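Chemist: So here's final.cif, just mmCIF, C-alpha atoms:
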data_query
#
loop_
_atom_site.label_atom_id
_atom_site.label_comp_id
_atom_site.auth_asym_id
_atom_site.auth_seq_id
_atom_site.Cartn_x
_atom_site.Cartn_y
_atom_site.Cartn_z
CA MET A 1023 117.67 -5.70 -148.42
CA SER A 1024 121.03 -5.32 -150.19
CA GLY A 1025 122.13 -1.72 -150.54
CA THR A 1026 124.63 0.15 -152.65
CA SER A 1027 127.47 -0.77 -150.28
CA MET A 1028 127.13 -4.36 -151.59
CA ASP A 1029 128.47 -5.87 -148.38
CA GLY A 1030 125.74 -8.47 -147.98
CA LEU A 1031 122.04 -9.15 -147.51
CA ASP A 1032 120.16 -7.66 -144.54
CA ILE A 1033 117.51 -10.18 -143.47
CA ALA A 1034 114.75 -9.12 -141.09
CA LEU A 1035 111.96 -11.42 -139.87
CA CYS A 1036 108.99 -9.19 -139.07
CA THR A 1037 105.32 -9.33 -138.22
CA VAL A 1038 103.08 -6.51 -139.49
CA ASN A 1039 99.85 -5.84 -137.62
CA GLN A 1040 97.09 -3.44 -138.57
CA ILE A 1041 94.24 -2.17 -136.43
CA LYS A 1042 91.98 0.02 -138.52
CA LYS A 1043 94.37 2.51 -140.16
CA ASN A 1044 97.20 2.05 -137.68
CA LYS A 1045 100.09 -0.25 -138.59
CA ASN A 1046 102.93 -1.52 -136.46
CA ILE A 1047 105.82 -3.80 -137.24
CA THR A 1048 107.61 -6.14 -134.84
CA LEU A 1049 111.16 -7.26 -135.54
CA HIS A 1050 111.75 -10.83 -134.35
CA PHE A 1051 115.19 -11.54 -135.81
CA PHE A 1052 117.79 -9.70 -137.88
CA LYS A 1053 121.13 -10.57 -139.43
CA THR A 1054 123.40 -9.48 -142.25
CA ALA A 1055 124.49 -12.39 -144.43
CA LYS A 1056 127.84 -11.25 -145.81
CA TYR A 1057 128.75 -11.65 -149.45
CA SER A 1058 131.86 -13.74 -150.06
CA LYS A 1059 134.91 -12.17 -151.69
CA SER A 1060 134.04 -13.94 -154.94
CA GLN A 1061 130.44 -12.71 -154.84
CA LYS A 1062 131.56 -9.12 -154.21
CA GLU A 1063 134.01 -9.29 -157.10
CA LYS A 1064 131.29 -10.52 -159.46
CA LEU A 1065 129.01 -7.64 -158.42
CA GLN A 1066 131.73 -5.03 -158.66
CA LYS A 1067 132.40 -5.96 -162.28
CA ILE A 1068 128.93 -4.85 -163.37
CA ALA A 1069 127.62 -2.41 -160.73
CA PHE A 1070 127.37 1.34 -161.37
CA GLN A 1071 129.18 1.21 -164.73
CA GLU A 1072 127.91 2.41 -168.10
CA GLN A 1073 129.47 -0.39 -170.14
CA VAL A 1074 129.24 -3.99 -168.93
CA SER A 1075 128.73 -7.49 -170.32
CA LEU A 1076 125.03 -8.20 -170.83
CA LYS A 1077 125.85 -11.87 -170.44
CA GLU A 1078 127.21 -11.19 -166.94
CA VAL A 1079 124.20 -9.03 -166.02
CA SER A 1080 121.86 -11.81 -167.15
CA ARG A 1081 123.81 -14.48 -165.27
CA LEU A 1082 124.01 -12.42 -162.08
CA HIS A 1083 120.27 -11.70 -162.14
CA ARG A 1084 119.77 -15.43 -161.69
CA MET A 1085 122.78 -15.97 -159.42
CA ILE A 1086 121.77 -13.26 -156.95
CA GLY A 1087 118.32 -14.84 -156.75
CA GLU A 1088 120.01 -18.13 -155.86
CA TRP A 1089 122.35 -16.49 -153.34
CA HIS A 1090 119.57 -14.58 -151.61
CA ALA A 1091 117.28 -17.62 -151.47
CA GLN A 1092 120.03 -19.67 -149.83
CA MET A 1093 120.84 -16.89 -147.37
CA ILE A 1094 117.17 -16.61 -146.40
CA LEU A 1095 116.82 -20.36 -145.88
CA GLN A 1096 119.98 -20.44 -143.76
CA ALA A 1097 118.70 -17.57 -141.63
CA LEU A 1098 115.35 -19.27 -141.09
CA GLU A 1099 117.12 -22.48 -140.07
CA GLU A 1100 119.25 -20.54 -137.56
CA TRP A 1101 116.11 -18.94 -136.15
CA LYS A 1102 114.26 -22.29 -136.08
CA ILE A 1103 111.51 -20.93 -138.36
CA LEU A 1104 109.98 -23.16 -141.02
CA PRO A 1105 109.58 -21.62 -144.50
CA GLN A 1106 105.86 -22.45 -144.46
CA GLU A 1107 105.48 -20.22 -141.40
CA VAL A 1108 106.51 -17.17 -143.47
CA ASP A 1109 103.76 -15.41 -145.45
CA MET A 1110 105.97 -13.55 -147.91
CA ILE A 1111 109.47 -12.35 -148.72
CA ALA A 1112 110.19 -8.73 -149.62
CA SER A 1113 113.24 -8.73 -151.89
CA HIS A 1114 114.69 -5.37 -152.87
CA GLY A 1115 117.35 -6.98 -155.05
CA GLN A 1116 120.76 -5.51 -155.81
CA THR A 1117 120.90 -2.09 -157.45
CA ILE A 1118 123.43 -2.13 -160.29
CA TYR A 1119 122.48 1.18 -161.94
CA HIS A 1120 120.39 4.20 -160.98
CA ALA A 1121 119.94 6.89 -163.62
CA PRO A 1122 117.64 9.77 -162.69
CA ASP A 1123 117.43 12.45 -165.38
CA PRO A 1124 118.46 15.84 -163.90
CA GLN A 1125 116.26 17.49 -166.54
CA GLY A 1126 113.23 15.56 -165.30
CA GLY A 1127 112.83 13.62 -168.53
CA PHE A 1128 113.43 9.87 -168.53
CA HIS A 1129 114.37 8.27 -165.22
CA SER A 1130 115.55 4.67 -164.96
CA THR A 1131 116.91 2.24 -162.41
CA LEU A 1132 117.84 -1.44 -162.38
CA GLN A 1133 117.85 -3.94 -159.54
CA ILE A 1134 118.74 -7.59 -160.17
CA GLY A 1135 118.05 -10.78 -158.22
CA ASP A 1136 115.26 -12.89 -159.72
CA GLY A 1137 112.15 -12.96 -157.51
CA ASP A 1138 110.85 -16.10 -159.23
CA CYS A 1139 114.04 -17.91 -158.29
CA ILE A 1140 113.71 -16.83 -154.65
CA ALA A 1141 110.06 -17.92 -154.54
CA LEU A 1142 110.76 -21.34 -156.04
CA ARG A 1143 113.84 -22.08 -153.95
CA THR A 1144 112.27 -21.03 -150.65
CA GLY A 1145 108.67 -22.04 -151.33
CA ILE A 1146 107.59 -18.58 -150.13
CA LEU A 1147 105.61 -15.99 -152.09
CA THR A 1148 108.06 -13.21 -153.01
CA ILE A 1149 107.54 -9.50 -153.70
CA SER A 1150 110.42 -7.92 -155.60
CA ASP A 1151 111.46 -5.12 -157.98
CA PHE A 1152 109.84 -2.36 -155.94
CA ARG A 1153 111.37 0.66 -157.65
CA GLN A 1154 109.99 0.26 -161.17
CA LYS A 1155 106.43 1.20 -160.15
CA HIS A 1156 107.68 4.49 -158.68
CA ILE A 1157 109.34 5.36 -161.99
CA ALA A 1158 106.33 4.25 -164.03
CA ALA A 1159 104.18 6.60 -161.93
CA GLY A 1160 106.48 9.57 -162.56
CA GLY A 1161 109.00 9.27 -159.71
CA GLU A 1162 112.75 8.67 -159.85
CA GLY A 1163 112.69 5.23 -158.21
CA ALA A 1164 114.28 6.66 -155.05
CA PRO A 1165 114.10 7.27 -152.24
CA LEU A 1166 111.33 4.81 -151.28
CA ALA A 1167 112.04 5.02 -147.55
CA PRO A 1168 109.51 7.89 -147.11
CA TYR A 1169 106.61 5.47 -147.68
CA GLY A 1170 107.70 3.24 -144.81
CA ASP A 1171 108.73 6.23 -142.73
CA TYR A 1172 105.24 7.70 -143.06
CA LEU A 1173 103.41 4.44 -142.35
CA LEU A 1174 105.57 3.41 -139.42
CA LEU A 1175 107.23 6.42 -137.84
CA SER A 1176 104.99 9.47 -138.23
CA ASP A 1177 103.67 10.78 -134.93
CA ALA A 1178 100.39 12.43 -133.96
CA LYS A 1179 102.14 15.42 -132.35
CA GLU A 1180 105.85 15.49 -133.16
CA SER A 1181 107.35 16.55 -136.47
CA ARG A 1182 110.65 14.77 -137.13
CA TRP A 1183 113.41 14.03 -139.61
CA LEU A 1184 114.32 10.46 -140.56
CA LEU A 1185 117.87 10.21 -141.93
CA ASN A 1186 119.33 7.05 -143.42
CA ILE A 1187 123.07 6.94 -144.10
CA GLY A 1188 123.87 3.92 -146.24
CA GLY A 1189 125.97 4.04 -149.39
CA ILE A 1190 123.82 7.06 -150.27
CA ALA A 1191 122.23 9.33 -147.64
CA ASN A 1192 118.52 10.17 -147.81
CA VAL A 1193 116.23 12.13 -145.54
CA THR A 1194 112.49 12.33 -144.87
CA TYR A 1195 110.62 15.15 -143.12
CA LEU A 1196 107.53 13.83 -141.35
CA PRO A 1197 105.01 16.42 -140.15
CA PRO A 1198 102.53 15.41 -137.44
CA ARG A 1199 99.81 13.10 -138.74
CA HIS A 1200 96.65 14.90 -139.88
CA SER A 1201 98.41 18.28 -139.60
CA GLY A 1202 97.79 19.11 -143.25
CA GLN A 1203 101.52 19.76 -143.76
CA SER A 1204 103.36 18.09 -146.62
CA LEU A 1205 105.84 15.29 -146.20
CA TRP A 1206 109.19 15.95 -147.91
CA ALA A 1207 111.98 13.56 -148.90
CA SER A 1208 115.16 13.56 -150.93
CA ASP A 1209 118.55 11.98 -151.38
CA CYS A 1210 121.25 14.17 -149.86
CA GLY A 1211 124.32 12.85 -151.66
CA PRO A 1212 126.89 10.18 -150.79
CA GLY A 1213 126.74 8.48 -147.43
CA ASN A 1214 129.37 5.83 -146.74
CA THR A 1215 130.27 5.02 -150.35
CA LEU A 1216 133.28 7.32 -150.79
CA SER A 1217 134.90 6.71 -147.40
CA ASP A 1218 134.40 2.95 -147.88
CA ALA A 1219 136.09 3.20 -151.30
CA ILE A 1220 139.10 4.98 -149.73
CA SER A 1221 139.29 2.37 -146.97
CA LYS A 1222 139.23 -0.50 -149.47
CA HIS A 1223 141.70 1.07 -151.89
CA PHE A 1224 144.33 2.37 -149.46
CA LEU A 1225 143.76 0.46 -146.21
CA LYS A 1226 142.58 -2.90 -147.61
CA GLN A 1227 139.63 -2.89 -145.21
CA ASP A 1228 135.91 -2.52 -145.88
CA TYR A 1229 135.40 0.69 -143.90
CA ASP A 1230 136.81 2.99 -141.24
CA PRO A 1231 135.38 1.57 -137.96
CA HIS A 1232 133.58 4.30 -136.02
CA GLY A 1233 135.42 6.92 -138.10
CA GLN A 1234 138.54 6.39 -135.99
CA ILE A 1235 140.99 7.13 -138.79
CA ALA A 1236 138.95 10.10 -140.03
CA SER A 1237 139.05 11.60 -136.53
CA GLN A 1238 142.87 11.63 -136.69
CA GLY A 1239 142.99 13.61 -139.93
CA ARG A 1240 142.91 17.27 -140.90
CA PHE A 1241 140.43 19.20 -143.00
CA LEU A 1242 141.54 19.66 -146.63
CA GLU A 1243 139.83 22.83 -147.82
CA ASP A 1244 140.81 22.44 -151.49
CA LEU A 1245 139.47 18.87 -151.63
CA PHE A 1246 136.28 19.92 -149.85
CA THR A 1247 135.77 22.69 -152.42
CA GLN A 1248 136.11 20.20 -155.26
CA LEU A 1249 133.73 17.73 -153.64
CA THR A 1250 131.03 20.33 -153.06
CA ALA A 1251 131.33 21.52 -156.69
CA HIS A 1252 129.72 18.27 -157.90
CA PRO A 1253 126.82 19.06 -160.30
CA PHE A 1254 124.38 17.14 -158.08
CA PHE A 1255 124.44 19.99 -155.57
CA ARG A 1256 123.28 22.47 -158.18
CA GLN A 1257 120.10 20.49 -158.80
CA ALA A 1258 116.91 21.51 -157.04
CA PHE A 1259 115.48 19.40 -154.21
CA PRO A 1260 113.99 16.82 -154.07
CA LYS A 1261 116.31 14.60 -156.10
CA SER A 1262 117.97 11.20 -156.14
CA THR A 1263 121.45 9.93 -156.89
CA GLY A 1264 123.67 6.86 -156.71
CA GLN A 1265 127.19 5.53 -156.88
CA GLU A 1266 127.17 6.22 -160.61
CA ALA A 1267 127.46 9.93 -159.79
CA PHE A 1268 129.66 9.58 -156.70
CA SER A 1269 131.98 6.84 -157.91
CA TRP A 1270 135.49 5.79 -157.01
CA GLN A 1271 136.55 6.94 -160.48
CA TRP A 1272 135.21 10.45 -159.82
CA LEU A 1273 136.93 10.64 -156.44
CA ALA A 1274 140.18 9.20 -157.79
CA GLY A 1275 140.19 11.96 -160.41
CA LEU A 1276 140.04 14.58 -157.65
CA LEU A 1277 142.91 12.90 -155.80
CA LYS A 1278 145.15 12.42 -158.84
CA GLY A 1279 148.49 14.17 -158.49
CA LYS A 1280 147.83 15.12 -154.84
CA ASP A 1281 149.90 13.97 -151.87
CA TYR A 1282 147.03 13.84 -149.38
CA ASN A 1283 147.30 11.24 -146.62
CA VAL A 1284 144.46 8.82 -145.92
CA PRO A 1285 143.35 10.22 -142.52
CA ASP A 1286 143.03 13.70 -144.07
CA ILE A 1287 140.99 12.35 -147.00
CA LEU A 1288 138.64 10.44 -144.69
CA HIS A 1289 138.32 13.46 -142.38
CA THR A 1290 137.37 15.72 -145.30
CA LEU A 1291 134.94 13.16 -146.72
CA GLY A 1292 133.19 12.96 -143.34
CA CYS A 1293 132.82 16.74 -143.33
CA PHE A 1294 131.54 16.61 -146.91
CA VAL A 1295 128.84 14.04 -146.09
CA ALA A 1296 127.72 15.99 -143.02
CA TRP A 1297 127.62 19.20 -145.10
CA SER A 1298 125.50 17.57 -147.83
CA ILE A 1299 122.99 16.25 -145.28
CA ALA A 1300 122.78 19.67 -143.64
CA GLN A 1301 122.21 21.25 -147.06
CA ALA A 1302 119.19 19.01 -147.63
CA ILE A 1303 117.68 19.61 -144.19
CA ASN A 1304 118.34 23.35 -144.23
CA SER A 1305 116.70 23.63 -147.65
CA GLN A 1306 113.39 23.16 -145.83
CA ASN A 1307 113.83 25.97 -143.32
CA PRO A 1308 111.85 27.37 -141.69
CA CYS A 1309 110.88 23.99 -140.28
CA ASP A 1310 109.44 23.09 -136.90
CA ALA A 1311 111.15 19.68 -136.64
CA ARG A 1312 114.20 19.75 -134.39
CA LYS A 1313 114.75 16.01 -133.93
CA ILE A 1314 116.68 13.85 -136.39
CA TYR A 1315 116.54 10.05 -136.08
CA VAL A 1316 119.40 8.30 -137.88
CA SER A 1317 119.64 4.77 -139.32
CA GLY A 1318 122.02 2.88 -141.60
CA GLY A 1319 125.70 2.06 -141.21
CA GLY A 1320 126.65 5.73 -140.95
CA VAL A 1321 125.08 5.98 -137.49
CA HIS A 1322 128.03 3.95 -136.15
CA ASN A 1323 130.57 6.43 -137.53
CA HIS A 1324 131.16 8.57 -134.45
CA PHE A 1325 133.24 11.12 -136.36
CA LEU A 1326 130.48 11.60 -138.95
CA MET A 1327 127.84 11.97 -136.23
CA GLU A 1328 129.96 14.61 -134.48
CA LYS A 1329 130.38 16.56 -137.72
CA LEU A 1330 126.67 16.28 -138.49
CA GLN A 1331 125.88 17.77 -135.08
CA ALA A 1332 128.36 20.57 -135.74
CA TYR A 1333 126.65 21.42 -139.05
CA LEU A 1334 123.19 21.20 -137.44
CA PRO A 1335 123.70 22.59 -133.92
CA GLU A 1336 120.03 23.39 -133.36
CA TYR A 1337 118.94 19.79 -133.87
CA HIS A 1338 118.82 16.84 -131.47
CA ILE A 1339 120.37 13.91 -133.37
CA GLN A 1340 119.90 10.33 -132.20
CA SER A 1341 119.56 6.78 -133.49
CA THR A 1342 116.20 5.34 -134.60
CA GLU A 1343 116.72 2.99 -131.65
CA ALA A 1344 115.00 5.77 -129.66
CA LEU A 1345 111.86 4.99 -131.69
CA GLY A 1346 112.22 1.24 -131.17
CA ILE A 1347 113.71 0.62 -134.62
CA PRO A 1348 117.25 -0.86 -134.75
CA PRO A 1349 119.21 1.40 -137.13
CA ASP A 1350 120.83 -1.45 -139.05
CA ALA A 1351 117.48 -3.20 -139.62
CA LYS A 1352 115.36 -0.18 -140.55
CA GLU A 1353 115.65 -0.38 -144.35
CA ALA A 1354 114.88 -4.12 -144.41
CA MET A 1355 111.91 -3.55 -142.12
CA LEU A 1356 110.55 -0.80 -144.36
CA PHE A 1357 110.62 -3.05 -147.42
CA ALA A 1358 108.79 -5.72 -145.43
CA LEU A 1359 106.16 -3.06 -144.79
CA LEU A 1360 105.99 -2.17 -148.50
CA ALA A 1361 105.44 -5.84 -149.33
CA TYR A 1362 102.57 -5.91 -146.83
CA GLU A 1363 101.16 -2.78 -148.46
CA CYS A 1364 101.27 -4.49 -151.87
CA PHE A 1365 98.47 -6.78 -150.64
CA HIS A 1366 96.74 -4.85 -147.88
CA GLY A 1367 97.52 -1.17 -148.36
CA ASN A 1368 95.47 1.74 -149.62
CA PRO A 1369 97.70 3.91 -151.84
CA ASP A 1370 95.18 6.75 -151.69
CA SER A 1371 96.03 7.16 -148.01
CA TYR A 1372 99.56 8.35 -148.79
CA PRO A 1373 99.96 12.10 -148.30
CA PRO A 1374 101.35 14.25 -151.10
CA PRO A 1375 103.88 14.35 -152.62
CA LEU A 1376 104.12 10.53 -152.29
CA VAL A 1377 103.09 8.78 -155.51
CA PRO A 1378 99.91 6.81 -154.66
CA VAL A 1379 100.81 3.30 -155.87
CA ARG A 1380 101.47 -0.20 -154.55
CA PHE A 1381 105.02 -1.42 -155.07
CA GLY A 1382 106.50 -4.71 -156.16
CA LYS A 1383 106.04 -7.65 -158.52
CA ILE A 1384 104.53 -10.87 -157.18
CA SER A 1385 106.29 -14.23 -157.69
CA LEU A 1386 104.33 -17.31 -156.67
CA PRO A 1387 106.27 -20.27 -155.26
CA GLY A 1388 104.72 -22.78 -157.64
#
Once more with this new file: its structure as structure tokens, please.

Modeler:
Amino acid sequence: MSGTSMDGLDIALCTVNQIKKNKNITLHFFKTAKYSKSQKEKLQKIAFQEQVSLKEVSRLHRMIGEWHAQMILQALEEWKILPQEVDMIASHGQTIYHAPDPQGGFHSTLQIGDGDCIALRTGILTISDFRQKHIAAGGEGAPLAPYGDYLLLSDAKESRWLLNIGGIANVTYLPPRHSGQSLWASDCGPGNTLSDAISKHFLKQDYDPHGQIASQGRFLEDLFTQLTAHPFFRQAFPKSTGQEAFSWQWLAGLLKGKDYNVPDILHTLGCFVAWSIAQAINSQNPCDARKIYVSGGGVHNHFLMEKLQAYLPEYHIQSTEALGIPPDAKEAMLFALLAYECFHGNPDSYPPPLVPVRFGKISLPG
């Protein structure tokens, strides 16, 4: 799994077991294989931009396949696992553009990283390009996490929220299984993408560790007002978004001509992200779920977690570790589960409003 933060490839080695209709997933190993500076620069030239070189897109589709295959083989060697012991690879690929239509017309999304290349280089059957089926069936291509959330983390008695804070934040409401209530899911807005952009541009570091710098800043009401005026927040839920909408260029335009300091900007961005998540969750009130389980890099941002609790005081907020799922590995584990479902699942078992389809394209290793 390589998300919109483009910091590297999350690799999870999992076993999926099924007894009748019940599935469980065991995580054996996990690591993040970091992209090199050169690899990041190549991605940044084409990602989330309307005008790019088609030659570079075509080349990177192949190159990312090569990179990911090599990263997977290196991880397996570290873990002393032979490639022939692995049944399949679930490769999300690298999102370079996500374009939902706010008018509900023609949605599109593009992930690159050739699955055939990964299959041939590793010798392992590969499932890739998961999001296109969702769009073909009438969805927006995101979020897909609700499928894995439902299969893996729904409970017989407890209703709960599953929140993932990566580059973009998304949330899933899971009612108790067999309750007859509807599952609900949506993107909330930006997660880490804007604060990471500020950290890279001004501080020359990838992110603000634990939100330490943000915690030292002050709240900028005028900047917050501009952030919350983004057109995305006028769209009805559920909805999806990406870095195309919440880009560095958009944020830089809001900061132009201002003399804000970096701690104040990061502080206000943390408040903005917490506000946008609270907006999504509160849109479903009245709701019986009072527990929120958080995954993704944002869970390590202590300042963001404190602000999220302040915006949602009636909720108990904790890491997905409480459910036995490491927060950094959750997204990779869920795509492993979707790959399993491609072969063994029953799409008709998904509750509405989930689109009842199997995801992914199959690449044979020979």

Chemist: Looking at all atoms listed in the file, which of A:Leu1174, A:Leu1205, A:Leu1035, A:Met1023 is the one that sits closest to Gly1346 in chain A?

Modeler: A:Leu1174

Chemist: Assuming the chain letters and numbering stay as they are in my file, what does the PyMOL selection byres ((chain A and resi 1302) around 12) actually select? List them as a ChimeraX atom specification.

Modeler: /A:1183,1185,1191-1195,1206-1211,1254-1262,1295-1301,1303-1307,1333-1334

Chemist: On this file, the PyMOL selection byres ((chain A and resi 1325) around 9) gives some set of residues; write that set as a short mmCIF file (atom, residue, chain, number, x, y, z; two decimals) with C-alpha atoms, in the coordinates of the input.

Modeler:
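Okay, this is what ended up in expr07.cif:
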data_model
loop_
_atom_site.label_atom_id
_atom_site.label_comp_id
_atom_site.auth_asym_id
_atom_site.auth_seq_id
_atom_site.Cartn_x
_atom_site.Cartn_y
_atom_site.Cartn_z
CA HIS A 1232 133.58 4.30 -136.02
CA GLY A 1233 135.42 6.92 -138.10
CA GLN A 1234 138.54 6.39 -135.99
CA ALA A 1236 138.95 10.10 -140.03
CA SER A 1237 139.05 11.60 -136.53
CA HIS A 1289 138.32 13.46 -142.38
CA GLY A 1292 133.19 12.96 -143.34
CA CYS A 1293 132.82 16.74 -143.33
CA HIS A 1322 128.03 3.95 -136.15
CA ASN A 1323 130.57 6.43 -137.53
CA HIS A 1324 131.16 8.57 -134.45
CA LEU A 1326 130.48 11.60 -138.95
CA MET A 1327 127.84 11.97 -136.23
CA GLU A 1328 129.96 14.61 -134.48
CA LYS A 1329 130.38 16.56 -137.72
CA LEU A 1330 126.67 16.28 -138.49
#

Chemist: Around the point (115.9, 0.0, -139.1) in the file's coordinates, collect all residues with an atom within 12 Å, using all atoms listed in the file, and return them as a VMD selection string.

Modeler: chain A and resid 1023 1032 to 1034 1036 1047 to 1049 1052 to 1053 1167 1170 to 1171 1174 to 1175 1184 to 1188 1315 to 1319 1321 1341 to 1359

Chemist: Written as an MDAnalysis selection string, what is the full residue list that the PyMOL selection byres ((chain A and resi 1290) around 9) yields on the file shown?

Modeler: chainID A and resid 1236 1239:1243 1245:1246 1285:1289 1291:1295

Chemist: Restricting the calculation to only C-alpha atoms: of A:Leu1276, A:Val1038, A:Met1028, A:Ala1091, which residue gets closest to Glu1063 in chain A?

Modeler: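 Checking each candidate against Glu1063 in chain A, we get A:Met1028 as the closest.
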
Chemist: Mind giving me the straight-line distance from CA of Lys1278 in chain A to CA of Gly1320 in chain A in Å, one decimal?

Modeler: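 One can read the CA of Lys1278 in chain A to CA of Gly1320 in chain A distance as 26.6 Å.
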
Chemist: Please determine an axis-aligned box that encloses all atoms of range 1151-1163 of chain A listed in the file, with 6 Å added on each side, and express its centre and edge lengths in Å to one decimal as lines of an AutoDock Vina configuration file.

Modeler:
center_x = 108.5
center_y = 2.2
center_z = -160.0
size_x = 20.6
size_y = 26.7
size_z = 20.1

Chemist: So how far away is CA of Trp1089 in chain A from CA of Tyr1057 in chain A, in Å?

Modeler: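 CA of Tyr1057 in chain A sits 8.9 Å away from CA of Trp1089 in chain A.
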
Chemist: Where atoms are absent from range 1148-1154 of chain A, fill them in so it carries all heavy atoms, then output it as a compact mmCIF listing (two decimals), keeping the file's coordinate frame.

Modeler:
# COMPACT_ATOMS: atom_id res chain seq x y z
N THR A 1148 107.02 -14.26 -153.05
CA THR A 1148 108.06 -13.21 -153.01
C THR A 1148 107.60 -11.96 -153.73
O THR A 1148 107.08 -12.04 -154.85
CB THR A 1148 109.36 -13.73 -153.64
OG1 THR A 1148 109.83 -14.87 -152.89
CG2 THR A 1148 110.44 -12.66 -153.64
N ILE A 1149 107.79 -10.81 -153.09
CA ILE A 1149 107.54 -9.50 -153.70
C ILE A 1149 108.90 -8.88 -153.99
O ILE A 1149 109.75 -8.79 -153.10
CB ILE A 1149 106.75 -8.56 -152.77
CG1 ILE A 1149 105.56 -9.30 -152.14
CG2 ILE A 1149 106.29 -7.31 -153.52
CD1 ILE A 1149 104.52 -9.75 -153.10
N SER A 1150 109.11 -8.45 -155.24
CA SER A 1150 110.42 -7.92 -155.60
C SER A 1150 110.27 -6.75 -156.57
O SER A 1150 109.17 -6.39 -156.97
CB SER A 1150 111.28 -9.02 -156.24
OG SER A 1150 110.70 -9.47 -157.46
N ASP A 1151 111.41 -6.16 -156.95
CA ASP A 1151 111.46 -5.12 -157.98
C ASP A 1151 110.55 -3.94 -157.64
O ASP A 1151 109.74 -3.50 -158.45
CB ASP A 1151 111.10 -5.73 -159.34
CG ASP A 1151 111.78 -5.01 -160.49
OD1 ASP A 1151 112.73 -4.25 -160.24
OD2 ASP A 1151 111.35 -5.20 -161.64
N PHE A 1152 110.73 -3.40 -156.46
CA PHE A 1152 109.84 -2.36 -155.94
C PHE A 1152 109.95 -1.03 -156.69
O PHE A 1152 108.97 -0.29 -156.79
CB PHE A 1152 110.15 -2.10 -154.46
CG PHE A 1152 109.76 -3.23 -153.56
CD1 PHE A 1152 110.61 -4.30 -153.34
CD2 PHE A 1152 108.54 -3.22 -152.91
CE1 PHE A 1152 110.26 -5.34 -152.50
CE2 PHE A 1152 108.16 -4.25 -152.07
CZ PHE A 1152 109.03 -5.32 -151.86
N ARG A 1153 111.13 -0.72 -157.20
CA ARG A 1153 111.37 0.66 -157.65
C ARG A 1153 110.76 0.98 -159.02
O ARG A 1153 110.55 2.16 -159.34
CB ARG A 1153 112.88 0.94 -157.65
CG ARG A 1153 113.48 0.85 -156.26
CD ARG A 1153 114.93 1.29 -156.21
NE ARG A 1153 115.48 1.10 -154.87
CZ ARG A 1153 115.39 1.97 -153.88
NH1 ARG A 1153 114.78 3.13 -154.07
NH2 ARG A 1153 115.92 1.72 -152.69
N GLN A 1154 110.48 -0.02 -159.83
CA GLN A 1154 109.99 0.26 -161.17
C GLN A 1154 108.61 0.94 -161.17
O GLN A 1154 108.33 1.78 -162.02
CB GLN A 1154 109.92 -1.05 -161.99
CG GLN A 1154 111.26 -1.73 -162.18
CD GLN A 1154 112.30 -0.84 -162.84
OE1 GLN A 1154 111.98 0.01 -163.66
NE2 GLN A 1154 113.56 -1.03 -162.47
